[in-house]
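Peer 1: I'd like to ask you about the structure that follows.
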Amino acid sequence: METFQQTFPSKSLAWPPAKSWALAGVVGSGNLEVLIEPDPSSPGGVGFSVESSIPGYKDSWLAALEDFADHYAVGGTKITIHDQGAAPVVIKMRLRQALDLLISPTP
Amino acid sequence: MPATQRDTRRRNKTARIRRASSLAQGKIVSHEKTADLLRAIIEPGDILCLEGDNQKQADFLAGQLASLDANDLRDLHLVMSCITLPSHIELFKRGVVRQVDFCYAGPQGNAVAELLAEGKFPIGAIHTYNELYARYYLDLTPRVALIAAAKADRDGNLFLAANTEDTPAIVEPTAFYDGVVIAQVDEIVDSIPRVDIPSDQVDFVIGAPYPMHLTALFTRDPAAITDVQILMAMIAIKGIYQKYEVASLNHGVGFNTSAIELLLPTYGEELGLKGKICKYWMVNPLPTMIPAIESGWVETVFSVGGEVGMERYTAARPDIYFTGRDGSFHSNRAMGQLAGHYAIDMFVGASLQVDVHGNSSTVSKNRITGFGGAPNMGCQPTGRRHPSAAWLKVGREAKPGPGALPGRKLVVQMVETFQTGRVPTFVESLDAQDPGIKAAMHGVAPVMIYGDDVTHVVTEEGIANLAACRNDEERTAAIRGVAGYTPVGLARSKADTEALRERGIIQLPEDLGVSPARANRSLLAAQEIKDLVRWSGGLYDPPAKFVDW
């Protein structure tokens with residue numbers, strides 16, 4: 001088990017988002033759960049909170065999360081991640097899915 | 001013409017047949033006498049063809065051949081599509097093979113790598129299927145061919161059922177250049193449903209004690225398709241299939257393309273693409289295509305081989321599949337590969353490794369697999385002259401110049417950035433470049449698809465349009481741009497990636513209007529094998545290992 005928190009700068013999310021929260025993925029082997037919620041207190045940054053069952057990958061996580069924060073406009077949100085050994089391809093997709101769900105008007 | 005070159009092969013064939021005549025009644029030989037027949041027919045130094053590809057095997061004959069005493073088999077030059085069975089490997093262990101020319105060694109890839117390391121695997125060359133068949137008509141014509149058929153009549157006419165595959169490509173050159181053709185058959189009957197190989201071209205027929213081995217190689221269980229594969233399929237459908245109006249195509253055997261097949265009746269329908277794309281297919285009878293066929297997407301399918309369980313379904317859909325006068329499915333590997341080379345708009349394949357130049361390979365240091373048919377389809381057929389909408393559109397994007405082709409085939413590599421076990425798919429240099437492997441291949445690294453032939457790379461990150469790159473540096477930057485968090489991807493420059501994205505050479509899901517949130521299994525037209533049976537109206541009979549109800 002490894003847990004850590006980190007905030008990265010990010011362009012502000014288009015306000016207001018369509019939903020008050022969004023969840024992508026499930027906690028299961030090789031999978032993860034990404035919860036994204038608006039957090040108006042820090043419009044220029046995104047706070048990540050990660051709990052992963054597999055220790056030792058913190059550097060890779062931070063690289064991927066920083067990249068996500070840099071590429072997408074997610075400033076003013078907080079993202080909570082529960083991981084059970086998801087591969088990098090799944091992590092990236094779940095992050096994209098959670099954001100997509102948060103800003104899409106459809107369910 | 002020297003006196004020695006008149007009819008030596010014909011006289012030699014007559015002598016061989018005479019040596020075996022006491023073993024046969026007409027052309028029929030009892031299976032107990034198979035070893036005697038092989039001893040009587042095969043001579044040291046022969047070019048011997050053993051039929052077997054990735055699906056169908058002359059396994060009884062292969063086993064009998066491997067059981068012969070090493071004194072009976074010397075100095076063989078084996079020519080064969082696939083090294084698949086333990087009995088094939090046994091021939092090399094016994095040291096009776098002087099040279100082997102082949103295409104593919106999938107299931108025996110590890111054994112081949114071991115034999116190679118021990119110096120017991122004398123490779124002439126590894127070919128694509130059609131390349132090897134072509135050599136059967138030039139410098140590698142078999143002296144003896146050991147083949148497999150479903151049924152024979154008492155004159156030796158053969159019925160090949162759904163699995164015609166390589167048989168005509170082996171039999172014709174052998175029979176017409178005084179070679180000996182020996183067929184194992186599942187059954188000898190008074191009358192066969194249709195004649196696939198005329199008895200004129202067959203010398204001996206053996207009723208094998210058990211049916212030939214057939215593998216259901218192309219069956220993909222929809223239950224194993226992941227959300228990531230669905231996202232990639234959505235990216236490919238919008239960014240390539242729709243963009244280029246791909247009318248004719250080949251799909252490989254992977255789950256990525258199965259996902260695309262199962263999204264046509266849902267996502268494809270929603271995009272209004274029915275009747276516009278994916279009409280003409282050169283592909284085996286894939287069970288995952290049943291929903292698209294039943295929804296009216298597909299005009300025709302021609303196949304290089306059969307697929308276990310699809311016999312009744314294909315026979316009931318003669319508008320789609322090619323069938324014989326008896327009503328049953330017909331395949332032909334050589335002709336299917338020809339169609340896949342010259343007549344399709346797009347080939348989509350997957351690979352274990354892709355390097356920064358776009359070269360790909362399935363070879364690793366411990367596993368030599370070879371090529372099969374993929375490179376024949378995953379290449380630019382520069383002899384093509386007929387245009388199509390897709391061919392012209394890629395041609396316009398590709399490197400212009402006074403000597404350039406007006407069109408290009410879409411050659412698409414569809415890979416996740418990581419394989420299972422967090423092994424990166426993208427690498428700086430392929431394992432196939434290993435000096436030991438290159439030396440065994442006479443200096444040529446076993447590259448499956450060359451980077452120069454590839455037009456697009458699709459990953460879960462997005463699409464890299466290699467055809468539109470103007471030089472090697474751009475191409476490498478485009479590949480790094482979709483290589484995710486692999487070392488190759490992490491070495492990208494953000495500025496380069498963004499510049500390529502502005503030019504449309506790199507396209508991310510958001511650039512294509514693909515919503516990642518929709519990438520989940522509910523978008524598949526079938527969730528499991530049982531759904532495919534339902535779509536087929538009960539005509540698809542999945543093999544037992546896929547049945548859990």
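For the structure tokens, the naming scheme is as follows: chains receive sequential letters (A, B, ...) according to their order of presentation, residues are indexed from 1 within each chain, and ligands are indexed from 1 in presentation order.
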From a DSSP calculation on the backbone, collect every residue of stretch 58-251 of chain B in strand (DSSP E or B) and output the set as number ranges by chain.
Peer 2: B: 76-82, 97-104, 123-126, 128, 144-152, 158-159, 180-188, 197, 204-207, 213-214, 248-251
Peer 1: Would you kindly return, as a PyMOL selection string, each protein, DNA or RNA residue with an atom no farther than 10 Å from any atom of A:Ala86, considering only C-alpha atoms and excluding same-chain residues fewer than 2 positions away?
Peer 2: (chain A and resi 27-33+52-54+82-84+88-92+94) or (chain B and resi 422)
Peer 1: Using C-alpha atoms, can you write the selected residues to a file as a compact mmCIF listing (two decimals), in the first residue's frame?
Peer 2:
# COMPACT_ATOMS: atom_id res chain seq x y z
CA VAL A 27 -11.50 -0.97 -7.49
CA GLY A 28 -10.60 -4.41 -8.83
CA SER A 29 -7.52 -6.28 -9.88
CA GLY A 30 -5.71 -4.36 -12.62
CA ASN A 31 -8.22 -1.55 -12.36
CA LEU A 32 -8.75 1.65 -10.41
CA GLU A 33 -11.41 4.12 -9.32
CA SER A 52 -2.40 2.35 -4.52
CA SER A 53 -2.14 -1.30 -3.49
CA ILE A 54 1.19 -1.57 -5.30
CA HIS A 82 -8.05 4.13 -5.40
CA ASP A 83 -5.78 1.85 -7.40
CA GLN A 84 -5.41 -1.90 -7.43
CA PRO A 88 -0.57 2.95 -17.09
CA VAL A 89 -2.90 2.67 -20.10
CA VAL A 90 -5.88 2.08 -17.81
CA ILE A 91 -4.92 4.92 -15.44
CA LYS A 92 -4.78 7.45 -18.27
CA ARG A 94 -9.90 6.38 -16.31
CA ARG B 422 4.00 -3.68 -17.98
Peer 1: Which residue out of A:Ser60, A:Thr80, A:Ser20, A:Ser49 has the minimum interatomic distance to A:Val34 when only C-alpha atoms are used?
Peer 2: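 Going through A:Ser60, A:Thr80, A:Ser20, A:Ser49 one by one, the smallest distance to A:Val34 is for A:Thr80.
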Peer 1: Please determine the contact residues of chain B with respect to chain A at a cut-off of 7 Å, counting only C-alpha atoms, and supply them as a PyMOL selection string.
Peer 2: chain B and resi 228+417+422+460+485+515-517
Peer 1: Using atom CA of A:Met1 and atom CA of A:Trp21 as the two end points, give the distance in Å to one decimal.
Peer 2: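 Result for atom CA of A:Met1 versus atom CA of A:Trp21: 25.7 Å, one decimal.
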Peer 1: Report, in Å to a single decimal, how far apart atom CA of B:Leu523 and atom CA of B:Val415 are.
Peer 2: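 Answer for the atom CA of B:Val415 to atom CA of B:Leu523 separation: 20.3 Å.
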Peer 1: Name all residues at most 12 Å from B:Glu528 (count only C-alpha atoms; drop same-chain ones fewer than 3 positions away) and give them as an NGL selection string.
Peer 2: :B and (219-225 or 258-259 or 262 or 287-288 or 291 or 521-522 or 524-525 or 531-535 or 542 or 546-549)
Peer 1: Which residues, written as a list of chain:residue names, have at least one atom at most 6 Å from stretch 179-195 of chain B, with only C-alpha atoms counted and residues fewer than 4 positions away on the same chain left out?
Peer 2: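 In the requested form, the answer reads B:Arg143, B:Val144, B:Ala145, B:Leu146, B:Ile147, B:Ala148, B:Ala149, B:Ala150, B:Lys151, B:Ala152, B:Asp153, B:Leu158, B:Phe159, B:Thr174, B:Ala175, B:Val202, B:Asp203, B:Phe204, B:Val205, B:Ile206, B:Gly207, B:Ala208, B:Pro211, B:Asp326.
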Peer 1: Since we have the selection now, will you write its residues out, keeping C-alpha atoms, as an mmCIF file, in the first residue's frame?
Peer 2:
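Final file, out-v8.cif:
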data_model
loop_
_atom_site.group_PDB
_atom_site.id
_atom_site.type_symbol
_atom_site.label_atom_id
_atom_site.label_comp_id
_atom_site.auth_asym_id
_atom_site.auth_seq_id
_atom_site.Cartn_x
_atom_site.Cartn_y
_atom_site.Cartn_z
ATOM 1 C CA ARG B 143 9.635 -33.666 -54.597
ATOM 2 C CA VAL B 144 7.138 -35.025 -52.081
ATOM 3 C CA ALA B 145 4.137 -33.262 -50.526
ATOM 4 C CA LEU B 146 2.325 -34.635 -47.471
ATOM 5 C CA ILE B 147 -1.081 -32.986 -47.317
ATOM 6 C CA ALA B 148 -4.412 -33.188 -45.460
ATOM 7 C CA ALA B 149 -7.998 -33.320 -46.755
ATOM 8 C CA ALA B 150 -11.397 -33.901 -45.195
ATOM 9 C CA LYS B 151 -12.596 -36.642 -47.552
ATOM 10 C CA ALA B 152 -11.460 -38.673 -50.553
ATOM 11 C CA ASP B 153 -13.334 -40.881 -52.955
ATOM 12 C CA LEU B 158 -10.237 -34.775 -52.543
ATOM 13 C CA PHE B 159 -12.782 -32.679 -50.658
ATOM 14 C CA THR B 174 4.197 -30.617 -56.864
ATOM 15 C CA ALA B 175 1.871 -32.546 -59.157
ATOM 16 C CA VAL B 202 -2.967 -37.063 -56.092
ATOM 17 C CA ASP B 203 -0.763 -40.172 -55.912
ATOM 18 C CA PHE B 204 -1.684 -41.822 -52.599
ATOM 19 C CA VAL B 205 -4.543 -41.491 -50.122
ATOM 20 C CA ILE B 206 -4.441 -42.664 -46.517
ATOM 21 C CA GLY B 207 -7.498 -42.836 -44.287
ATOM 22 C CA ALA B 208 -6.002 -41.408 -41.095
ATOM 23 C CA PRO B 211 -9.315 -36.474 -37.936
ATOM 24 C CA ASP B 326 -22.405 -28.514 -52.182
#
Peer 1: List the spatial neighbours of B:Ile17 as a ChimeraX atom specification - criterion: any atom at most 9 Å away, only C-alpha atoms, same-chain residues fewer than 4 positions off excluded.
Peer 2: /B:12-13,21,40-41,180,203
Peer 1: Just the residues within 7 Å of B:Ala247, please, counting only C-alpha atoms, with nothing from its chain fewer than 5 positions along; format it as a list in words.
Peer 2: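 That gives Lys276, Ile277, Cys278, Lys279, Tyr280 and Asp345 of chain B.
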Peer 1: What would the file look like if the residues just selected were written as a short mmCIF file (atom, residue, chain, number, x, y, z; two decimals), in the first residue's frame with N, CA and C atoms?
Peer 2:
data_model
loop_
_atom_site.label_atom_id
_atom_site.label_comp_id
_atom_site.auth_asym_id
_atom_site.auth_seq_id
_atom_site.Cartn_x
_atom_site.Cartn_y
_atom_site.Cartn_z
N LYS B 276 -21.36 2.62 -45.92
CA LYS B 276 -20.28 3.48 -46.42
C LYS B 276 -18.91 2.85 -46.19
N ILE B 277 -18.76 2.10 -45.10
CA ILE B 277 -17.45 1.52 -44.79
C ILE B 277 -17.59 0.02 -44.51
N CYS B 278 -16.43 -0.66 -44.53
CA CYS B 278 -16.35 -2.07 -44.09
C CYS B 278 -17.29 -2.99 -44.87
N LYS B 279 -17.29 -2.85 -46.20
CA LYS B 279 -18.21 -3.65 -46.99
C LYS B 279 -17.59 -4.94 -47.50
N TYR B 280 -16.32 -4.88 -47.91
CA TYR B 280 -15.67 -6.04 -48.52
C TYR B 280 -14.50 -6.48 -47.65
N ASP B 345 -8.35 -1.72 -49.12
CA ASP B 345 -8.01 -0.35 -48.74
C ASP B 345 -7.15 -0.32 -47.49
#
Peer 1: Write out as a PyMOL selection string the set of residues from chain A that DSSP, computed on the backbone, places in alpha helix (DSSP H).
Peer 2: chain A and resi 58-71+88-103
Peer 1: Neighbours of A:Ala69 within 6 Å (only C-alpha atoms; same-chain residues fewer than 3 positions away dropped), as a list of chain:residue names?
Peer 2: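 The filter keeps A:Ser10, A:Glu66, A:Tyr72.
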Peer 1: Tell me which of B:Leu264, B:Leu73, B:Val79, B:Leu217 sits closest to B:Gln55, counting only C-alpha atoms.
Peer 2: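 Ranked by minimum distance to B:Gln55, first place goes to B:Leu217.
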Peer 1: Separation of atom CA of B:Tyr321 and atom CA of B:Gly52, in Å?
Peer 2: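 These atoms are spaced 23.5 Å apart.
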